[in-house]
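Source file: protein.txt; contents: compact mmCIF, C-alpha atoms.
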```txt
# COMPACT_ATOMS: atom_id res chain seq x y z
CA MET A 1 34.46 37.15 9.08
CA PRO A 2 33.87 37.97 12.75
CA GLN A 3 34.72 41.68 12.60
CA PRO A 4 31.71 42.92 10.52
CA CYS A 5 29.46 40.71 12.66
CA THR A 6 30.78 42.30 15.87
CA ARG A 7 30.39 45.76 14.38
CA SER A 8 26.80 44.98 13.42
CA ARG A 9 26.05 43.83 16.95
CA ILE A 10 27.65 46.95 18.42
CA LEU A 11 25.67 49.09 16.01
CA LEU A 12 22.44 47.28 16.88
CA ILE A 13 23.03 47.68 20.62
CA CYS A 14 23.85 51.35 20.20
CA VAL A 15 20.82 52.07 18.02
CA SER A 16 18.53 50.20 20.42
CA ALA A 17 19.99 52.06 23.35
CA VAL A 18 19.52 55.44 21.67
CA VAL A 19 15.91 54.62 20.71
CA LEU A 20 15.14 53.62 24.31
CA LEU A 21 16.90 56.69 25.61
CA LEU A 22 14.97 59.05 23.33
CA ALA A 23 11.64 57.43 24.23
CA GLY A 24 12.41 57.97 27.90
CA CYS A 25 13.50 61.56 27.40
CA VAL A 26 10.18 62.60 25.84
CA THR A 27 8.21 61.17 28.77
CA ALA A 28 10.49 62.74 31.34
CA THR A 29 10.36 66.10 29.54
CA ALA A 30 6.54 66.10 29.55
CA VAL A 31 6.47 65.32 33.27
CA SER A 32 9.20 67.86 33.98
CA THR A 33 7.38 70.70 32.14
CA PHE A 34 4.14 69.93 33.94
CA CYS A 35 5.83 69.81 37.35
CA ALA A 36 7.74 73.05 36.72
CA SER A 37 4.44 74.82 35.92
CA ALA A 38 2.89 73.37 39.07
CA ALA A 39 5.75 74.61 41.25
CA THR A 40 5.48 78.14 39.78
CA THR A 41 1.71 78.17 40.34
CA LEU A 42 2.05 77.12 43.95
CA ALA A 43 4.71 79.78 44.58
CA SER A 44 2.18 82.34 43.30
CA ALA A 45 -0.32 81.21 45.95
CA LYS A 46 1.69 82.64 48.86
CA PRO A 47 0.66 86.33 48.43
CA ILE A 48 -2.99 85.25 48.22
CA PHE A 49 -2.85 83.30 51.47
CA SER A 50 -0.94 86.20 53.08
CA ASP A 51 -3.72 88.58 52.02
CA MET A 52 -6.27 86.69 54.14
CA LYS A 53 -5.03 88.36 57.33
CA ALA A 54 -4.45 91.64 55.46
CA SER A 55 -8.05 91.62 54.19
CA CYS A 56 -9.30 91.06 57.74
CA LEU A 57 -7.22 94.03 58.98
CA ARG A 58 -8.41 96.25 56.11
CA GLU A 59 -11.98 95.41 57.11
CA LEU A 60 -11.22 96.53 60.68
CA ASP A 61 -9.86 99.82 59.32
CA ALA A 62 -13.05 100.21 57.29
CA ARG A 63 -15.02 100.25 60.54
CA GLU A 64 -13.43 103.59 61.44
CA PRO A 65 -15.38 106.53 60.01
CA ILE A 66 -13.86 108.44 57.10
CA GLY A 67 -12.19 111.52 58.54
CA SER A 68 -11.41 109.95 61.92
CA TYR A 69 -7.82 109.38 60.77
CA LYS A 70 -7.59 106.34 62.99
CA THR A 71 -6.48 102.84 62.17
CA SER A 72 -7.57 99.78 64.06
CA ALA A 73 -3.98 99.10 65.16
CA ASN A 74 -3.99 102.33 67.23
CA ASP A 75 -7.28 101.57 68.95
CA PRO A 76 -7.05 99.45 72.15
CA LYS A 77 -10.74 98.54 71.84
CA MET A 78 -9.91 96.73 68.60
CA ALA A 79 -7.50 94.29 70.24
CA PRO A 80 -9.98 91.35 70.30
CA SER A 81 -10.83 91.98 66.64
CA ILE A 82 -7.13 92.12 65.72
CA ALA A 83 -6.64 88.83 67.60
CA ASN A 84 -9.19 87.22 65.26
CA CYS A 85 -7.29 88.55 62.24
CA ASN A 86 -4.06 87.18 63.71
CA ALA A 87 -5.75 83.79 64.11
CA ILE A 88 -6.74 83.92 60.43
CA GLY A 89 -3.12 84.83 59.62
CA THR A 90 -1.81 81.87 61.59
CA GLN A 91 -4.12 79.45 59.80
CA ALA A 92 -3.31 81.04 56.43
CA GLU A 93 0.36 80.35 57.13
CA GLY A 94 -0.66 76.71 57.46
CA ALA A 95 -2.22 76.90 54.00
CA THR A 96 1.00 78.47 52.67
CA ALA A 97 2.97 75.63 54.24
CA ALA A 98 0.66 73.07 52.62
CA ALA A 99 1.20 74.74 49.23
CA ALA A 100 4.96 74.69 49.89
CA ILE A 101 4.86 70.92 50.58
CA LEU A 102 3.01 70.43 47.31
CA SER A 103 5.48 72.69 45.51
CA ASP A 104 8.43 70.80 47.02
CA TYR A 105 6.96 67.54 45.72
CA PHE A 106 6.56 68.91 42.19
CA SER A 107 10.09 70.37 42.29
CA ALA A 108 11.54 67.01 43.39
CA ILE A 109 9.67 65.20 40.61
CA ASN A 110 10.82 67.88 38.17
CA ALA A 111 14.44 67.31 39.25
CA LEU A 112 14.06 63.55 38.91
CA ALA A 113 12.35 63.86 35.51
CA SER A 114 14.92 66.31 34.19
CA PHE A 115 17.95 64.36 35.44
CA GLY A 116 20.40 64.37 32.55
CA THR A 117 20.56 60.70 31.58
CA ALA A 118 22.12 61.82 28.32
CA LYS A 119 24.81 63.76 30.22
CA ALA A 120 25.46 60.78 32.53
CA GLY A 121 26.00 58.66 29.42
CA SER A 122 28.21 61.28 27.86
CA ASP A 123 30.38 61.51 31.01
CA ALA A 124 30.76 57.72 31.16
CA GLN A 125 31.61 57.66 27.44
CA THR A 126 34.37 60.25 27.90
CA LEU A 127 35.86 58.28 30.80
CA ALA A 128 35.69 54.96 28.96
CA THR A 129 37.40 56.51 25.94
CA LYS A 130 40.17 57.90 28.15
CA THR A 131 40.75 54.61 29.97
CA THR A 132 40.84 52.55 26.79
CA ALA A 133 43.32 55.09 25.41
CA ALA A 134 45.56 54.25 28.37
CA LEU A 135 45.59 50.64 27.18
CA GLY A 136 46.95 51.79 23.85
CA SER A 137 43.90 50.62 21.93
CA GLY A 138 43.25 51.93 18.45
CA SER A 139 41.01 54.97 18.05
CA ALA A 140 38.19 52.94 16.42
CA ALA A 141 38.09 50.53 19.38
CA GLN A 142 38.18 53.44 21.83
CA THR A 143 35.24 55.09 20.12
CA ALA A 144 33.21 51.87 19.99
CA ILE A 145 33.80 50.99 23.67
CA GLY A 146 33.21 54.60 24.74
CA SER A 147 29.99 54.73 22.79
CA MET A 148 28.70 51.47 24.23
CA VAL A 149 29.52 52.42 27.82
CA GLY A 150 27.93 55.83 27.32
CA ASP A 151 24.72 54.47 25.81
CA LEU A 152 24.39 51.66 28.35
CA THR A 153 24.83 54.15 31.20
CA SER A 154 22.14 56.37 29.68
CA VAL A 155 19.75 53.47 29.16
CA PHE A 156 20.32 52.15 32.68
CA THR A 157 19.83 55.51 34.39
CA SER A 158 16.91 56.38 32.08
CA GLY A 159 15.16 53.10 32.87
CA TYR A 160 15.66 53.61 36.60
CA GLN A 161 14.46 57.20 36.27
CA LEU A 162 11.22 56.27 34.47
CA LYS A 163 10.44 53.42 36.84
CA LYS A 164 10.85 55.64 39.91
CA LEU A 165 8.94 58.50 38.30
CA GLU A 166 5.96 56.24 37.62
CA SER A 167 6.05 54.99 41.22
CA ASP A 168 6.33 58.52 42.69
CA LEU A 169 3.40 59.73 40.58
CA THR A 170 0.97 56.94 41.44
CA ARG A 171 1.79 56.82 45.16
CA VAL A 172 0.42 60.33 45.81
CA SER A 173 -2.25 60.68 43.13
CA GLY A 174 -5.14 60.75 45.64
CA ASN A 175 -3.18 62.94 48.07
CA ILE A 176 -2.48 65.62 45.46
CA THR A 177 -6.19 65.82 44.64
CA ALA A 178 -7.14 66.03 48.34
CA VAL A 179 -4.62 68.78 49.11
CA SER A 180 -5.59 70.74 45.97
CA ASN A 181 -9.25 70.49 46.93
CA GLY A 182 -8.43 71.68 50.46
CA LEU A 183 -6.53 74.71 49.16
CA VAL A 184 -9.31 75.48 46.66
CA SER A 185 -11.84 75.33 49.50
CA ILE A 186 -9.83 77.80 51.60
CA ILE A 187 -9.41 80.22 48.69
CA GLN A 188 -13.04 80.00 47.54
CA LYS A 189 -14.97 79.73 50.80
CA ASN A 190 -12.77 81.56 53.28
CA TYR A 191 -10.96 84.15 51.17
CA ILE A 192 -13.36 85.02 48.33
CA ASP A 193 -16.78 84.28 49.83
CA GLN A 194 -16.05 85.42 53.39
CA LEU A 195 -13.07 87.75 53.83
CA LEU A 196 -13.10 89.66 50.52
CA MET A 197 -16.91 89.80 50.50
CA ASP A 198 -16.91 91.14 54.07
CA GLU A 199 -14.21 93.69 53.23
CA GLU A 200 -16.18 94.81 50.19
CA ASN A 201 -19.40 95.19 52.19
CA LYS A 202 -17.77 97.09 55.04
CA THR A 203 -15.92 99.38 52.65
CA ALA A 204 -19.20 100.23 50.94
CA ALA A 205 -20.87 100.76 54.33
CA ARG A 206 -18.10 103.17 55.30
CA TYR A 207 -18.73 105.34 52.24
CA LYS A 208 -22.52 105.18 52.74
CA GLU A 209 -22.08 106.26 56.34
CA PHE A 210 -19.93 109.20 55.35
CA TYR A 211 -22.20 110.34 52.54
CA LYS A 212 -24.58 113.24 53.18
CA PRO A 213 -27.16 114.45 50.62
CA SER A 214 -25.94 117.97 51.34
CA PHE A 215 -22.56 117.24 49.67
CA SER A 216 -21.76 119.26 46.58
CA PRO A 217 -21.96 117.35 43.26
CA GLU A 218 -18.16 117.52 43.01
CA ALA A 219 -17.74 116.00 46.47
CA GLN A 220 -20.24 113.27 45.60
CA VAL A 221 -18.37 112.41 42.38
CA MET A 222 -15.05 112.31 44.25
CA LEU A 223 -16.55 110.07 46.93
CA GLU A 224 -17.96 107.68 44.37
CA ASP A 225 -14.66 107.60 42.46
CA ARG A 226 -12.80 106.77 45.65
CA TRP A 227 -15.25 103.98 46.47
CA LYS A 228 -14.94 102.58 42.92
CA THR A 229 -11.13 102.53 43.26
CA ASP A 230 -11.35 100.60 46.52
CA ALA A 231 -13.94 98.21 45.05
CA ALA A 232 -11.76 97.65 41.95
CA ALA A 233 -8.76 96.72 44.14
CA ILE A 234 -10.90 94.10 45.92
CA GLN A 235 -12.25 92.86 42.59
CA ALA A 236 -8.69 92.47 41.23
CA LYS A 237 -7.75 90.34 44.24
CA ARG A 238 -10.88 88.24 43.73
CA ALA A 239 -9.99 87.72 40.04
CA SER A 240 -6.45 86.63 40.96
CA ALA A 241 -7.78 84.21 43.55
CA MET A 242 -10.23 82.74 41.03
CA SER A 243 -7.37 82.25 38.56
CA LEU A 244 -5.45 80.39 41.28
CA ILE A 245 -8.47 78.14 41.82
CA SER A 246 -8.64 77.36 38.09
CA ALA A 247 -4.90 76.62 38.03
CA LEU A 248 -5.09 74.32 41.07
CA GLN A 249 -8.02 72.45 39.54
CA ALA A 250 -6.14 72.06 36.24
CA LEU A 251 -3.04 70.81 38.09
CA SER A 252 -5.07 68.34 40.11
CA LYS A 253 -6.85 66.95 37.05
CA GLY A 254 -3.66 66.92 34.95
CA PHE A 255 -1.78 65.14 37.70
CA ALA A 256 -4.53 62.51 38.09
CA ASP A 257 -4.49 61.91 34.31
CA MET A 258 -0.69 61.70 34.30
CA ALA A 259 -0.58 59.23 37.21
CA THR A 260 -3.32 57.07 35.71
CA ASN A 261 -1.75 56.92 32.26
CA ALA A 262 1.99 57.13 32.97
CA HIS A 263 2.49 53.36 32.64
CA LYS A 264 0.26 52.67 29.66
CA LEU A 265 0.62 55.66 27.34
CA LYS A 266 3.44 56.05 24.86
CA SER A 267 5.69 58.99 25.56
CA LYS A 268 4.26 61.22 22.85
CA GLU A 269 0.72 60.43 23.98
CA LEU A 270 1.58 61.39 27.55
CA SER A 271 3.14 64.59 26.29
CA GLY A 272 -0.05 65.32 24.32
CA LEU A 273 -2.19 64.52 27.35
CA LEU A 274 -0.33 67.02 29.56
CA ALA A 275 0.08 69.81 26.98
CA PRO A 276 -3.41 71.37 27.44
CA TYR A 277 -2.98 71.47 31.23
CA VAL A 278 0.47 73.06 30.93
CA THR A 279 -0.87 75.66 28.46
CA GLN A 280 -3.83 76.46 30.72
CA VAL A 281 -1.71 76.78 33.86
CA GLN A 282 0.96 78.90 32.15
CA THR A 283 -1.77 81.26 30.91
CA LEU A 284 -3.21 81.53 34.43
CA ILE A 285 0.08 82.24 36.27
CA PRO A 286 0.33 85.94 35.21
CA GLN A 287 -3.36 86.38 36.02
CA ILE A 288 -2.79 84.99 39.52
CA GLN A 289 0.10 87.41 40.06
CA LYS A 290 -1.75 90.44 38.63
CA ALA A 291 -3.28 91.84 41.85
CA PHE A 292 -0.28 91.13 44.11
CA MET B 1 -23.98 62.09 56.97
CA ALA B 2 -20.55 62.55 58.59
CA PHE B 3 -19.86 65.63 60.69
CA ASP B 4 -17.43 67.92 58.91
CA PRO B 5 -15.94 70.57 61.26
CA ALA B 6 -14.74 72.69 58.33
CA ASP B 7 -18.18 72.71 56.76
CA GLU B 8 -19.89 73.55 60.06
CA ALA B 9 -17.41 76.37 60.81
CA ASN B 10 -17.93 77.76 57.29
CA GLN B 11 -21.70 77.76 57.70
CA LEU B 12 -21.43 79.58 61.02
CA ALA B 13 -18.98 82.11 59.58
CA ASN B 14 -21.34 82.78 56.67
CA LEU B 15 -24.25 83.19 59.09
CA PHE B 16 -22.42 85.78 61.20
CA TYR B 17 -21.18 87.74 58.17
CA SER B 18 -24.76 87.80 56.82
CA LEU B 19 -26.16 88.99 60.14
CA SER B 20 -23.51 91.71 60.34
CA GLN B 21 -24.36 92.83 56.82
CA ALA B 22 -28.10 92.80 57.58
CA THR B 23 -27.46 94.96 60.65
CA ASP B 24 -25.46 97.45 58.56
CA ASP B 25 -28.21 97.47 55.95
CA LEU B 26 -30.73 98.27 58.66
CA ARG B 27 -28.54 101.03 60.08
CA LEU B 28 -27.72 102.65 56.75
CA GLY B 29 -30.77 101.74 54.66
CA GLY B 30 -32.91 104.66 55.81
CA THR B 31 -35.82 102.47 56.88
CA LEU B 32 -35.50 103.15 60.61
CA VAL B 33 -37.91 105.82 61.88
CA ALA B 34 -36.05 108.62 63.64
CA PRO B 35 -33.21 106.54 65.11
CA SER B 36 -31.20 108.22 67.85
CA VAL B 37 -27.44 108.60 67.61
CA ASP B 38 -27.14 106.01 70.39
CA ASP B 39 -29.38 103.58 68.48
CA LEU B 40 -27.19 103.89 65.38
CA ALA B 41 -23.99 103.53 67.43
CA SER B 42 -25.40 100.43 69.10
CA LEU B 43 -26.31 98.89 65.75
CA LYS B 44 -22.81 99.59 64.42
CA ASP B 45 -21.30 98.01 67.51
CA GLN B 46 -23.50 94.94 67.08
CA ALA B 47 -22.57 94.67 63.40
CA ASP B 48 -18.86 94.80 64.32
CA ARG B 49 -19.29 92.14 67.03
CA LEU B 50 -21.12 89.86 64.60
CA ASP B 51 -18.30 90.40 62.14
CA ASN B 52 -15.74 89.42 64.79
CA CYS B 53 -17.64 86.15 65.27
CA GLY B 54 -17.48 85.64 61.50
CA HIS B 55 -13.70 86.13 61.55
CA SER B 56 -13.31 83.70 64.42
CA PHE B 57 -15.23 81.00 62.56
CA THR B 58 -13.29 81.72 59.36
CA ALA B 59 -10.05 81.01 61.25
CA GLN B 60 -11.53 77.79 62.64
CA ALA B 61 -12.79 76.72 59.21
CA ILE B 62 -9.33 77.15 57.67
CA GLY B 63 -7.81 75.18 60.55
CA ALA B 64 -10.35 72.37 60.15
CA THR B 65 -9.77 72.20 56.38
CA LEU B 66 -6.01 71.93 56.96
CA ALA B 67 -6.57 69.24 59.62
CA ASN B 68 -8.51 67.22 57.04
CA ILE B 69 -5.51 67.05 54.70
CA GLN B 70 -2.71 66.40 57.22
CA ASP B 71 -2.44 62.69 56.31
CA ASP B 72 -2.27 63.57 52.61
CA LEU B 73 0.47 66.12 53.29
CA ALA B 74 2.44 63.59 55.34
CA ASN B 75 2.39 61.06 52.49
CA ILE B 76 3.38 63.71 49.94
CA LYS B 77 6.34 64.66 52.17
CA ASN B 78 7.44 61.01 52.36
CA VAL B 79 7.30 60.53 48.60
CA THR B 80 9.13 63.84 48.10
CA ALA B 81 11.95 62.59 50.33
CA ASP B 82 12.03 59.34 48.32
CA ALA B 83 12.19 61.25 45.03
CA LYS B 84 15.14 63.30 46.31
CA ALA B 85 16.91 60.10 47.42
CA GLN B 86 16.24 58.50 44.01
CA LEU B 87 17.84 61.49 42.30
CA GLY B 88 20.93 60.97 44.46
CA LYS B 89 20.99 57.28 43.53
CA LEU B 90 20.81 58.14 39.83
CA THR B 91 23.87 60.33 40.19
CA ASP B 92 25.68 57.63 42.18
CA VAL B 93 24.79 54.92 39.64
CA SER B 94 26.17 56.88 36.71
CA LYS B 95 29.37 57.58 38.66
CA ALA B 96 29.66 53.92 39.73
CA ILE B 97 29.40 52.72 36.11
CA ALA B 98 32.17 55.12 35.17
CA ALA B 99 34.34 53.85 38.04
CA ALA B 100 33.69 50.23 37.07
CA THR B 101 34.71 50.96 33.48
CA ALA B 102 37.96 52.50 34.67
CA GLY B 103 38.52 49.51 37.00
CA VAL B 104 38.21 47.07 34.12
CA ALA B 105 40.70 49.14 32.11
CA LEU B 106 43.12 49.10 35.05
CA GLY B 107 42.83 45.31 35.30
CA LEU B 108 43.60 44.97 31.63
CA ALA B 109 46.53 47.35 31.94
CA ILE B 110 48.02 45.33 34.82
CA THR B 111 47.65 42.17 32.73
CA SER B 112 49.58 43.86 29.92
CA GLY B 113 52.57 44.36 32.27
CA ASN B 114 53.48 47.70 30.66
CA PRO B 115 54.39 50.22 33.46
CA ALA B 116 53.38 53.28 31.39
CA THR B 117 49.99 51.76 30.60
CA ILE B 118 49.43 50.76 34.25
CA LEU B 119 50.32 54.28 35.40
CA ALA B 120 47.89 55.91 32.95
CA ALA B 121 45.06 53.48 33.79
CA THR B 122 45.67 53.93 37.54
CA GLY B 123 45.31 57.68 37.13
CA ALA B 124 42.03 57.28 35.25
CA PHE B 125 40.74 54.83 37.85
CA ALA B 126 41.64 57.15 40.74
CA THR B 127 39.80 60.00 39.04
CA ALA B 128 36.71 57.84 38.46
CA VAL B 129 36.65 56.48 42.03
CA ALA B 130 37.01 59.98 43.44
CA GLY B 131 34.09 61.08 41.25
CA SER B 132 31.94 58.18 42.41
CA GLY B 133 32.49 58.99 46.05
CA ALA B 134 33.65 55.41 46.72
CA GLY B 135 36.86 56.59 48.25
CA ALA B 136 35.19 58.91 50.71
CA GLY B 137 35.33 56.35 53.43
CA GLY B 138 31.81 56.18 54.31
```
Structure translated into structure tokens:
Amino acid sequence: MPQPCTRSRILLICVSAVVLLLAGCVTATAVSTFCASAATTLASAKPIFSDMKASCLRELDAREPIGSYKTSANDPKMAPSIANCNAIGTQAEGATAAAAILSDYFSAINALASFGTAKAGSDAQTLATKTTAALGSGSAAQTAIGSMVGDLTSVFTSGYQLKKLESDLTRVSGNITAVSNGLVSIIQKNYIDQLLMDEENKTAARYKEFYKPSFSPEAQVMLEDRWKTDAAAIQAKRASAMSLISALQALSKGFADMATNAHKLKSKELSGLLAPYVTQVQTLIPQIQKAF
Amino acid sequence: MAFDPADEANQLANLFYSLSQATDDLRLGGTLVAPSVDDLASLKDQADRLDNCGHSFTAQAIGATLANIQDDLANIKNVTADAKAQLGKLTDVSKAIAAATAGVALGLAITSGNPATILAATGAFATAVAGSGAGAGG
């Protein structure tokens, strides 16, 4: 009885194909979710890098006495100082470009990981069913051939997808860490510790300079309130920048773990490995965006 | 220990910002004995100049940090281009399998010698080849 035997083989092939396909999908989904979070985080970095020049210019404005109603942009003597801020802006654009390259990488990996192997299989199945119908085959044969072609297409594309994903992850593992560390250094050392700190100090100095003990209590309270508002705005930017640092560090560590373990962990284990990083980064994204 | 331009520029920037702040503290701290208006103006001017030096070194530090990661960025760009090409190949492979399936069906139809069957299979094959991009001529 060859027919039941053939059916059993077809069934076995189909079941095996589906099991392989599902295993691949879980891995690709975990990688895709992680990469999508990374791309969103890096897009949120742009306003922070843009604020480096803006912070420098605000500091120049803070040099003008309260009540002078002058801005640094209107003062020819400030041209050399503005040139320094422009130089910071130019370099910050380089940092934005570096973040964009990183984001582009994560988006490409996300696209590769989320490629619809199931849909590719489904499309091939539909076509195979149609072409076998043209031969006048019976509906059972059409379904069986269509199913086999669909599953084999899915398995083939899924296998190719996973192999390439693994290669693309390991090839840049060290580079992602280096670029993340570079961006963290710029945000921490140059933006938070230098530019925002300087802006904060000069803003405080401006209020101290303006203050006179002869001011009425009401005027003193108003002055202090105004200073607190300015200080709070700087503090909010600092908090956003620190959230970006935490997110970049989580992405860097998560990526290193993913690249190291992509070939040896089972799909569910890889998903479990990445889940805490994804949760942490997704929590940080609104905090990064809060001040901008 | 290797010379790190970014680290050196950061240290200089921090030094100039600190000196600027110390000058402001001196000017506004009330410890100067009977300073003249000119003295205070001169101190403010010095504080601003020191701050300008800080800004200049901040710009250089950012530039040096970015220079340190250029090779890493170049490799990431290469792998990104590869990943995009691989995505294109995936799409092509799935289309090619579909076209091959239709081609086999056409062959079988021709063997059958039935004109209606050949016509239907030819139509399916043409659709599949068009979808695979094989007929694009290049």
**OP:** Determine, counting only C-alpha atoms, which protein, DNA and RNA residues have an atom within 8 Å of an atom of region 69-77 of chain B; residues of the same chain fewer than 5 positions away are not included. Present the result as a list in words.
**Re:**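 Near neighbours after the sequence-gap exclusion: Ala98, Ile101, Leu102, Tyr105, Val172, Asn175, Ile176, Ala178, Val179 and Gly182 of chain A.
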Original post:
In Å to one decimal, how far is CA of Ala259 (chain A) from CA of Val278 (chain A)?
Top reply: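 Taking CA of Val278 (chain A) as the start and CA of Ala259 (chain A) as the end point, the length is 15.2 Å.
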Original post:
Which polymer residues have any atom within 6 Å of an atom of region 16-27 of chain B, counting all atoms listed in the file, with same-chain residues fewer than 5 positions away left out, as a list of chain:residue names?
Top reply: B:Ala47, B:Leu50, B:Asp51, B:Gly54
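From CA of Ser37 (chain A) back to CA of Pro286 (chain A), the distance works out to 11.9 Å.
Closest approach to chain B among A:Thr283, A:Asn190, A:Thr229, A:Gln235: A:Asn190, based on all atoms listed in the file.
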**OP:** For each of B:Asn10, B:Asn78, B:Thr31, B:Gln46, take the minimum atom-to-atom distance to Ile62 (chain B), counting only C-alpha atoms, then give the residue where this is smallest.
**Re:**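 Of B:Asn10, B:Asn78, B:Thr31, B:Gln46, the one nearest Ile62 (chain B), counting only C-alpha atoms, is B:Asn10.
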**OP:** Find, counting all atoms listed in the file, the residue in B:Asp48, B:Ala2, B:Ala41, B:Asp7 that gets nearest to Gly63 (chain B).
**Re:**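 Once distances to Gly63 (chain B) are computed over all atoms listed in the file, the minimum belongs to B:Asp7.
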Original post:
Distance CA of Leu162 (chain A)-CA of Phe255 (chain A), one decimal place?
Top reply: 16.1 Å
**OP:** Step by step: start from the point (5.2, 77.3, 41.1) in the file's coordinates, keep every protein, DNA or RNA residue that has an atom no farther than 10 Å from it, count all atoms listed in the file, and write the set as JSON, numbers by chain.
**Re:** {"A": [35, 36, 37, 38, 39, 40, 41, 42, 43, 44, 45, 99, 100, 102, 103, 104, 106, 107, 285]}
**OP:** For each of A:Asp257, A:Asp61, A:Glu218, A:Asp225, take the minimum atom-to-atom distance to chain B, counting all atoms listed in the file, then give the residue where this is smallest.
**Re:** A:Asp61
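The nearest approach to chain B among the residues A:Pro80, A:Gly254, A:Gly67, A:Pro276, with only C-alpha atoms taken into account, belongs to A:Pro80.
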Original post:
Taking into account only C-alpha atoms, which residue in the set A:Phe49, A:Gly272, A:Thr96, A:Leu248 is nearest to Ser180 (chain A)?
Top reply: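 When distances to Ser180 (chain A) are compared using only C-alpha atoms, the smallest one comes from A:Leu248.
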**OP:** Extract, using only C-alpha atoms, all DNA, RNA and protein residues at most 12 Å from Ala92 (chain A), discarding same-chain residues fewer than 6 positions from it, and format them as an NGL selection string.
**Re:** (:A and (45-56 or 85-86 or 98-99 or 183 or 186-187 or 190-191)) or (:B and (58-66))
